[in-house]
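**Student:** Before I ask anything, let me first share the structure, which is written out below as structure tokens.
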Amino acid sequence: MTHAYTRQRPGGSTGLRDALALARSGREPGADFAAGTAVASWPGDGIAVPAELDPLVRNALAGGRLRPAASAGALHPVNAHLLVGPTGTLPPGRYAYDPVAHRLHARGGAPADAPAGVVIVLTVTARRTVSHYGHRAWPLLLLDTGHVLAALALAGAGAFCEDADGELLGAAAGLTRHAGEPEHAVAAVWFSGAGAGAGDRPDGRTLPRWAACGPGTPALGRRLSPPAVLRDAWEVLAEVTSGRGEGSWRGFPGLPSLHPLPWRRSAAPGFGGVPGRTALGGVLRTAEEAGPEGVRWCVAVGGPDAAVLTGPRPRVAATGDARPTLARWAAGQTWLGEAGAVLLAHGCPDDASPLEIRHAHVRAGYAVGLAQVRAQAAGLATRPVGSWQNADLGAALGEPPGRSSVLHALALGRHPAPGRAKAPARAASGPPKGSGTPSEPARPSTFRQPPAGLSPEAGTSAGPSPEAVTPAGPRPEAATRAGLSPEAGASAGPPAVAVTPAGLSPKAATTSGADRPRGVRAGPGTPARPGPVGPAGLTLTGPAGRTPAVVDTGLTPAVGTGPAPTASARLAPTVVSAEGAPPS
């Protein structure tokens, strides 16, 4: 039976497949355009967040450029609409949350049969991210939503829904079409709130009840003229947010039991040092428990015994140093070539369905958010990396091309010794267009509340932060227009890693010696079978009697780790550059 909110869209699977291929390609985004306001404008001055909701929203959503959830380019496109039931001190109804002012704006009443608790509908304003990342932006919007899910889970939310139809989610939030900049609903979260009983859990009737209440108060302002790339992103988001009617609710998987929770701050590029196997195993387990079905996890480790490890207990899937190739794949972020290790989520084949694409990216963002907490609890430096081009990791490990591309990653390493310079200063020419490097997440709920009027990160680093005063404040894209990294000025110290001049070969900008040919080594227990020599002079191996794919990765897949490839996959050289960020 087709639900009333399920839509048939023009373009179909072919258009979506082309959009996914374009987002994963090496094509550079075009020029930046206006990103609009950092937050939507709502009628009235707003009301204070009640005490029973304050810890949840403050420690998961609040802030200016520094927030508890990572976001590509610190653009923070994810919005929160609260659907408050008849529990607690806040009158039942719909509310929009302003994360900068930490205020709620009433958007209408609640249905008579509104369920207990609070439903938070997460939407994205595509313009904020598309304005800088162009055609690469829409997967980043889904990853950002996953990071917000992780922040809400760590702050105490009780359940989430990731597969409800986007129009149903939007109708439940009371969103209206053609009113200001469009928002696309991606997921929902449930919080018990004060007074909700054990039986007051969300179910298949929760969202339809709110949707039947009619539209809510629209945001102020008018829709800006959309460039073609933004219109394309709207169409793709409408396609990938189509879902299974009311969707299903479930508890948050893979939550680490950490008290207190560690800082969730991304470290500046420049952290090397290979983490120990115990720490890597814990990070891998967290990601696998939190990640979606169909997405696999591995860790590319550097050092003398460079290899790709898979879980649940780390084992060698391939030998060789993959980090220089990862630096090229990750929109030319050269600093990845020196990270101690890189956690990688890979899957989502080129012909994946809309629901598979949404599920894979949202949950990959969620899992990386939790893995970052696990890694930082083990004392590691971390930094999520969101945008990947031509990153066919499956083919590099001996599988058919186009079946398992890198979706998301978390760079791992050891914190540099005090006083050690992290990296040379970067030329003031702006961050890579598609790097997808996130902002620094803010402190979690176990730390004291910041003073009124300040962002959660105000005063946590040497010197005043430009985002300390939350009302108004600069647009997210303001720093990039000035040639600064998205987090420039957030803490003391120069940005890191020089941008490679156009035309420089990838090899010249990677770690010294990283692209040299390496000897053939195989995983333990099985002898290697030499294969053809790749374009960088690398000898790849594969299962006996099968021809491995030729991929310029520097990896030697362990025998028997994957099926026989059906075609070769070669990487087009890309100019590499890197983006600086403040130290942790």
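Chain labels A, B, ... are given in the sequence in which chains occur in the structure tokens; within each chain residues are numbered consecutively from 1, and ligands are likewise numbered from 1 in the order shown.
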Gly166 of chain A: which residues within 7 Å, counting only C-alpha atoms, same-chain residues fewer than 3 positions away excluded, as a count of residues only?

**Tutor:** 8

**Student:** DSSP on the backbone: which residues in segment 186-340 of chain A end up as alpha helix (DSSP H)? Give the answer as a compact mmCIF listing (two decimals) with N, CA, C and O atoms, in the first residue's frame.

**Tutor:**
# COMPACT_ATOMS: atom_id res chain seq x y z
N THR A 206 2.71 8.44 15.72
CA THR A 206 3.24 9.69 16.27
C THR A 206 3.33 10.79 15.22
O THR A 206 2.80 11.89 15.39
N LEU A 207 4.02 10.52 14.12
CA LEU A 207 4.20 11.55 13.09
C LEU A 207 2.90 11.91 12.38
O LEU A 207 2.63 13.10 12.15
N PRO A 208 2.05 10.93 11.99
CA PRO A 208 0.78 11.30 11.36
C PRO A 208 -0.10 12.18 12.25
O PRO A 208 -0.83 13.05 11.75
N ARG A 209 -0.08 11.98 13.56
CA ARG A 209 -0.87 12.84 14.45
C ARG A 209 -0.43 14.29 14.33
O ARG A 209 -1.26 15.20 14.25
N TRP A 210 0.87 14.52 14.34
CA TRP A 210 1.37 15.89 14.21
C TRP A 210 1.14 16.42 12.80
O TRP A 210 0.82 17.62 12.62
N ALA A 211 1.25 15.59 11.80
CA ALA A 211 1.04 16.04 10.42
C ALA A 211 -0.40 16.48 10.20
O ALA A 211 -0.66 17.40 9.41
N ALA A 228 21.44 27.15 -10.31
CA ALA A 228 21.08 25.83 -10.84
C ALA A 228 21.58 24.71 -9.93
O ALA A 228 20.87 23.72 -9.71
N VAL A 229 22.79 24.85 -9.36
CA VAL A 229 23.32 23.78 -8.53
C VAL A 229 22.49 23.61 -7.26
O VAL A 229 22.35 22.50 -6.73
N LEU A 230 21.89 24.70 -6.76
CA LEU A 230 21.03 24.60 -5.59
C LEU A 230 19.70 23.95 -5.94
O LEU A 230 19.19 23.11 -5.18
N ARG A 231 19.16 24.28 -7.09
CA ARG A 231 17.92 23.61 -7.53
C ARG A 231 18.16 22.11 -7.69
O ARG A 231 17.30 21.29 -7.32
N ASP A 232 19.31 21.75 -8.23
CA ASP A 232 19.64 20.33 -8.37
C ASP A 232 19.71 19.66 -7.00
O ASP A 232 19.24 18.52 -6.83
N ALA A 233 20.32 20.34 -6.03
CA ALA A 233 20.42 19.76 -4.68
C ALA A 233 19.04 19.57 -4.07
O ALA A 233 18.79 18.56 -3.39
N TRP A 234 18.13 20.51 -4.27
CA TRP A 234 16.76 20.36 -3.76
C TRP A 234 16.10 19.11 -4.34
O TRP A 234 15.42 18.36 -3.63
N GLU A 235 16.29 18.91 -5.65
CA GLU A 235 15.68 17.74 -6.28
C GLU A 235 16.26 16.44 -5.73
O GLU A 235 15.53 15.48 -5.48
N VAL A 236 17.58 16.41 -5.53
CA VAL A 236 18.20 15.21 -5.00
C VAL A 236 17.73 14.95 -3.57
O VAL A 236 17.40 13.82 -3.20
N LEU A 237 17.65 15.99 -2.75
CA LEU A 237 17.20 15.82 -1.38
C LEU A 237 15.76 15.34 -1.32
O LEU A 237 15.40 14.51 -0.47
N ALA A 238 14.91 15.86 -2.21
CA ALA A 238 13.53 15.38 -2.26
C ALA A 238 13.49 13.90 -2.60
O ALA A 238 12.65 13.14 -2.10
N GLU A 239 14.42 13.47 -3.45
CA GLU A 239 14.47 12.06 -3.85
C GLU A 239 14.98 11.17 -2.72
O GLU A 239 14.37 10.15 -2.39
N VAL A 240 16.09 11.55 -2.10
CA VAL A 240 16.69 10.66 -1.09
C VAL A 240 15.93 10.68 0.22
O VAL A 240 16.09 9.76 1.04
N ARG A 277 46.73 -0.94 18.99
CA ARG A 277 45.69 -1.82 18.46
C ARG A 277 44.47 -1.88 19.37
O ARG A 277 43.34 -2.03 18.89
N THR A 278 44.67 -1.78 20.69
CA THR A 278 43.52 -1.80 21.60
C THR A 278 42.61 -0.61 21.35
O THR A 278 41.38 -0.75 21.27
N ALA A 279 43.20 0.58 21.23
CA ALA A 279 42.40 1.78 20.97
C ALA A 279 41.72 1.69 19.62
O ALA A 279 40.54 2.04 19.48
N LEU A 280 42.45 1.23 18.59
CA LEU A 280 41.86 1.10 17.27
C LEU A 280 40.72 0.09 17.28
O LEU A 280 39.69 0.28 16.63
N GLY A 281 40.89 -1.00 18.02
CA GLY A 281 39.83 -1.99 18.10
C GLY A 281 38.58 -1.43 18.73
O GLY A 281 37.46 -1.71 18.29
N GLY A 282 38.73 -0.60 19.79
CA GLY A 282 37.57 0.02 20.41
C GLY A 282 36.85 0.97 19.47
O GLY A 282 35.61 1.00 19.42
N VAL A 283 37.60 1.75 18.70
CA VAL A 283 36.99 2.66 17.74
C VAL A 283 36.26 1.88 16.65
O VAL A 283 35.14 2.23 16.26
N LEU A 284 36.90 0.83 16.15
CA LEU A 284 36.27 0.01 15.11
C LEU A 284 34.96 -0.62 15.61
O LEU A 284 33.95 -0.62 14.91
N ARG A 285 34.98 -1.16 16.82
CA ARG A 285 33.77 -1.79 17.36
C ARG A 285 32.64 -0.78 17.52
O ARG A 285 31.48 -1.07 17.21
N THR A 286 32.97 0.41 18.01
CA THR A 286 31.95 1.44 18.17
C THR A 286 31.32 1.79 16.82
O THR A 286 30.09 1.90 16.69
N ALA A 287 32.16 1.98 15.80
CA ALA A 287 31.64 2.33 14.47
C ALA A 287 30.78 1.21 13.90
O ALA A 287 29.71 1.46 13.33
N GLU A 288 31.22 -0.03 14.05
CA GLU A 288 30.46 -1.16 13.49
C GLU A 288 29.13 -1.34 14.21
O GLU A 288 28.13 -1.67 13.58
N GLU A 289 29.10 -1.14 15.52
CA GLU A 289 27.85 -1.28 16.26
C GLU A 289 26.87 -0.15 15.94
O GLU A 289 25.66 -0.35 15.95
N ALA A 290 27.40 1.03 15.65
CA ALA A 290 26.54 2.18 15.38
C ALA A 290 26.19 2.33 13.91
O ALA A 290 25.18 2.96 13.58
N ARG A 323 47.50 6.02 3.08
CA ARG A 323 47.23 7.42 3.46
C ARG A 323 47.50 8.44 2.36
O ARG A 323 46.72 9.38 2.20
N PRO A 324 48.59 8.31 1.56
CA PRO A 324 48.76 9.29 0.48
C PRO A 324 47.60 9.27 -0.52
O PRO A 324 47.19 10.32 -1.02
N THR A 325 47.08 8.08 -0.82
CA THR A 325 45.94 8.00 -1.72
C THR A 325 44.70 8.58 -1.07
O THR A 325 43.90 9.27 -1.71
N LEU A 326 44.51 8.32 0.23
CA LEU A 326 43.37 8.90 0.94
C LEU A 326 43.44 10.42 0.91
O LEU A 326 42.41 11.10 0.79
N ALA A 327 44.65 10.97 1.01
CA ALA A 327 44.79 12.43 0.95
C ALA A 327 44.33 12.98 -0.40
O ALA A 327 43.73 14.05 -0.47
N ARG A 328 44.58 12.24 -1.48
CA ARG A 328 44.11 12.69 -2.79
C ARG A 328 42.60 12.49 -2.92
O ARG A 328 41.90 13.34 -3.47
N TRP A 329 42.12 11.36 -2.44
CA TRP A 329 40.68 11.10 -2.52
C TRP A 329 39.86 12.11 -1.72
O TRP A 329 38.75 12.45 -2.09

**Student:** Determine which residues of segment 4-235 of chain A DSSP labels as strand (DSSP E) from the backbone of this structure, then write them out as a VMD selection string.

**Tutor:** chain A and resid 47 to 48 78 to 84 93 to 98 103 to 108 118 to 124 159 to 161 184 to 191

**Student:** Could you turn the residues from that selection into a file that holds N, CA and C atoms, as a compact mmCIF listing (two decimals), in the first residue's frame?

**Tutor:**
# COMPACT_ATOMS: atom_id res chain seq x y z
N ILE A 47 11.27 32.44 23.32
CA ILE A 47 11.10 32.18 24.74
C ILE A 47 12.27 31.34 25.23
N ALA A 48 12.49 31.41 26.53
CA ALA A 48 13.59 30.65 27.11
C ALA A 48 13.32 29.16 27.02
N VAL A 78 21.84 22.02 9.60
CA VAL A 78 20.78 21.21 10.22
C VAL A 78 19.98 22.07 11.19
N ASN A 79 18.66 22.03 11.05
CA ASN A 79 17.74 22.77 11.90
C ASN A 79 16.92 21.80 12.74
N ALA A 80 16.39 22.29 13.87
CA ALA A 80 15.62 21.45 14.78
C ALA A 80 14.25 22.07 15.03
N HIS A 81 13.19 21.29 14.77
CA HIS A 81 11.82 21.69 15.08
C HIS A 81 11.30 20.77 16.19
N LEU A 82 10.89 21.37 17.31
CA LEU A 82 10.44 20.61 18.46
C LEU A 82 8.93 20.49 18.46
N LEU A 83 8.42 19.27 18.55
CA LEU A 83 6.99 18.99 18.64
C LEU A 83 6.74 18.52 20.07
N VAL A 84 6.23 19.42 20.89
CA VAL A 84 6.14 19.19 22.33
C VAL A 84 4.75 18.66 22.68
N GLY A 93 2.83 22.11 21.66
CA GLY A 93 2.81 22.81 20.38
C GLY A 93 4.09 22.60 19.62
N ARG A 94 4.19 23.32 18.50
CA ARG A 94 5.39 23.27 17.66
C ARG A 94 6.29 24.46 17.99
N TYR A 95 7.59 24.19 17.99
CA TYR A 95 8.56 25.23 18.28
C TYR A 95 9.77 25.06 17.35
N ALA A 96 10.30 26.19 16.87
CA ALA A 96 11.56 26.19 16.13
C ALA A 96 12.66 26.61 17.08
N TYR A 97 13.80 25.94 17.00
CA TYR A 97 14.90 26.24 17.91
C TYR A 97 15.94 27.10 17.21
N ASP A 98 16.33 28.19 17.87
CA ASP A 98 17.40 29.07 17.40
C ASP A 98 18.67 28.70 18.17
N ARG A 103 17.05 29.99 21.98
CA ARG A 103 15.66 30.36 22.26
C ARG A 103 14.74 29.50 21.40
N LEU A 104 13.50 29.39 21.86
CA LEU A 104 12.45 28.68 21.12
C LEU A 104 11.45 29.67 20.57
N HIS A 105 10.95 29.40 19.37
CA HIS A 105 9.93 30.24 18.75
C HIS A 105 8.68 29.40 18.51
N ALA A 106 7.57 29.81 19.12
CA ALA A 106 6.32 29.07 18.98
C ALA A 106 5.83 29.14 17.54
N ARG A 107 5.39 27.99 17.00
CA ARG A 107 4.94 27.93 15.61
C ARG A 107 3.54 27.31 15.50
N GLY A 108 2.81 27.28 16.58
CA GLY A 108 1.46 26.73 16.52
C GLY A 108 1.22 25.71 17.61
N VAL A 118 8.74 14.67 23.51
CA VAL A 118 9.12 15.70 22.53
C VAL A 118 9.72 15.01 21.31
N VAL A 119 9.17 15.31 20.15
CA VAL A 119 9.74 14.86 18.88
C VAL A 119 10.53 16.01 18.28
N ILE A 120 11.77 15.76 17.90
CA ILE A 120 12.60 16.78 17.25
C ILE A 120 12.80 16.36 15.81
N VAL A 121 12.22 17.12 14.89
CA VAL A 121 12.37 16.86 13.46
C VAL A 121 13.60 17.62 12.97
N LEU A 122 14.54 16.90 12.38
CA LEU A 122 15.77 17.50 11.87
C LEU A 122 15.63 17.76 10.38
N THR A 123 15.80 19.01 10.00
CA THR A 123 15.73 19.41 8.60
C THR A 123 17.06 20.02 8.19
N VAL A 124 17.26 20.17 6.89
CA VAL A 124 18.48 20.81 6.40
C VAL A 124 18.10 21.96 5.47
N ALA A 159 15.17 7.80 21.31
CA ALA A 159 14.88 7.01 20.11
C ALA A 159 15.00 7.91 18.89
N PHE A 160 15.11 7.27 17.71
CA PHE A 160 15.19 8.06 16.49
C PHE A 160 14.49 7.33 15.36
N CYS A 161 14.15 8.09 14.33
CA CYS A 161 13.50 7.57 13.13
C CYS A 161 14.27 8.11 11.94
N HIS A 184 14.41 20.60 4.01
CA HIS A 184 14.12 19.20 3.71
C HIS A 184 14.29 18.39 4.98
N ALA A 185 13.23 17.72 5.40
CA ALA A 185 13.25 16.92 6.62
C ALA A 185 13.95 15.59 6.35
N VAL A 186 14.87 15.21 7.23
CA VAL A 186 15.70 14.03 7.02
C VAL A 186 15.44 12.96 8.07
N ALA A 187 15.29 13.35 9.33
CA ALA A 187 15.17 12.37 10.41
C ALA A 187 14.43 12.99 11.58
N ALA A 188 14.07 12.17 12.56
CA ALA A 188 13.40 12.64 13.77
C ALA A 188 13.98 11.94 14.98
N VAL A 189 13.92 12.61 16.12
CA VAL A 189 14.43 12.10 17.39
C VAL A 189 13.34 12.27 18.44
N TRP A 190 13.28 11.36 19.39
CA TRP A 190 12.29 11.44 20.47
C TRP A 190 13.00 11.56 21.80
N PHE A 191 12.47 12.47 22.63
CA PHE A 191 12.96 12.69 23.98
C PHE A 191 11.79 12.57 24.92

**Student:** With distances taken over only C-alpha atoms, which residue among A:Gly386, A:Pro354, A:Pro226, A:Pro202 lies nearest Ala137 of chain A?

**Tutor:**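 Closest to Ala137 of chain A of all the choices is A:Gly386.
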
**Student:** Counting only C-alpha atoms, which residue out of A:Ala114, A:Arg374, A:Glu183, A:Leu410 sits closest to Leu261 of chain A?

**Tutor:**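 Using only C-alpha atoms, the shortest distance to Leu261 of chain A belongs to A:Arg374.
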
**Student:** Just give me the gap between atom CA of Ala371 of chain A and atom CA of Leu309 of chain A in Å, one decimal is fine.

**Tutor:**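 Taking atom CA of Ala371 of chain A as the start and atom CA of Leu309 of chain A as the end point, the length is 15.8 Å.
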
**Student:** I'd like to know which of A:Gln376, A:Arg313, A:Ala396, A:Val406 is closest to Gly347 of chain A, using only C-alpha atoms.

**Tutor:**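 Closest residue, counting only C-alpha atoms: A:Val406.
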
**Student:** Between A:Pro314, A:Ala307, A:Ser404, A:Gly272, single out the one closest to Thr382 of chain A, counting only C-alpha atoms.

**Tutor:**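 The closest residue to Thr382 of chain A is A:Gly272.
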
**Student:** Select, from A:Gly294, A:Val373, A:Ala331, A:Gly413, the residue with the minimum atom-to-atom distance to Ser257 of chain A, counting only C-alpha atoms.

**Tutor:**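 Between A:Gly294, A:Val373, A:Ala331, A:Gly413, the residue approaching Ser257 of chain A most closely is A:Val373.
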
**Student:** Counting only C-alpha atoms, figure out which residue out of A:Ala219, A:Ala417, A:Ala62, A:Ala375 gets nearest to Gly44 of chain A.

**Tutor:** A:Ala219

**Student:** To one decimal place, how far is atom CA of Thr125 of chain A from atom CA of Tyr366 of chain A in Å?

**Tutor:** 18.9 Å

**Student:** What is the atom CA of Ala126 of chain A to atom CA of Trp138 of chain A distance in Å?

**Tutor:**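 Computing it gives 7.3 Å between the two atoms.
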
**Student:** Pull the closest atom pair for each residue of segment 145-230 of chain A that gets at most 9 Å from segment 16-38 of chain A, along with the distance in Å to one decimal, counting only C-alpha atoms, ordering rows by chain and then ascending residue number, as a Markdown table.

**Tutor:**
| residue | atom | partner | partner_atom | distance |
| --- | --- | --- | --- | --- |
| A:Glu181 | CA | A:Gly36 | CA | 8.9 |
| A:Leu224 | CA | A:Gly36 | CA | 8.1 |
| A:Pro227 | CA | A:Phe33 | CA | 8.4 |
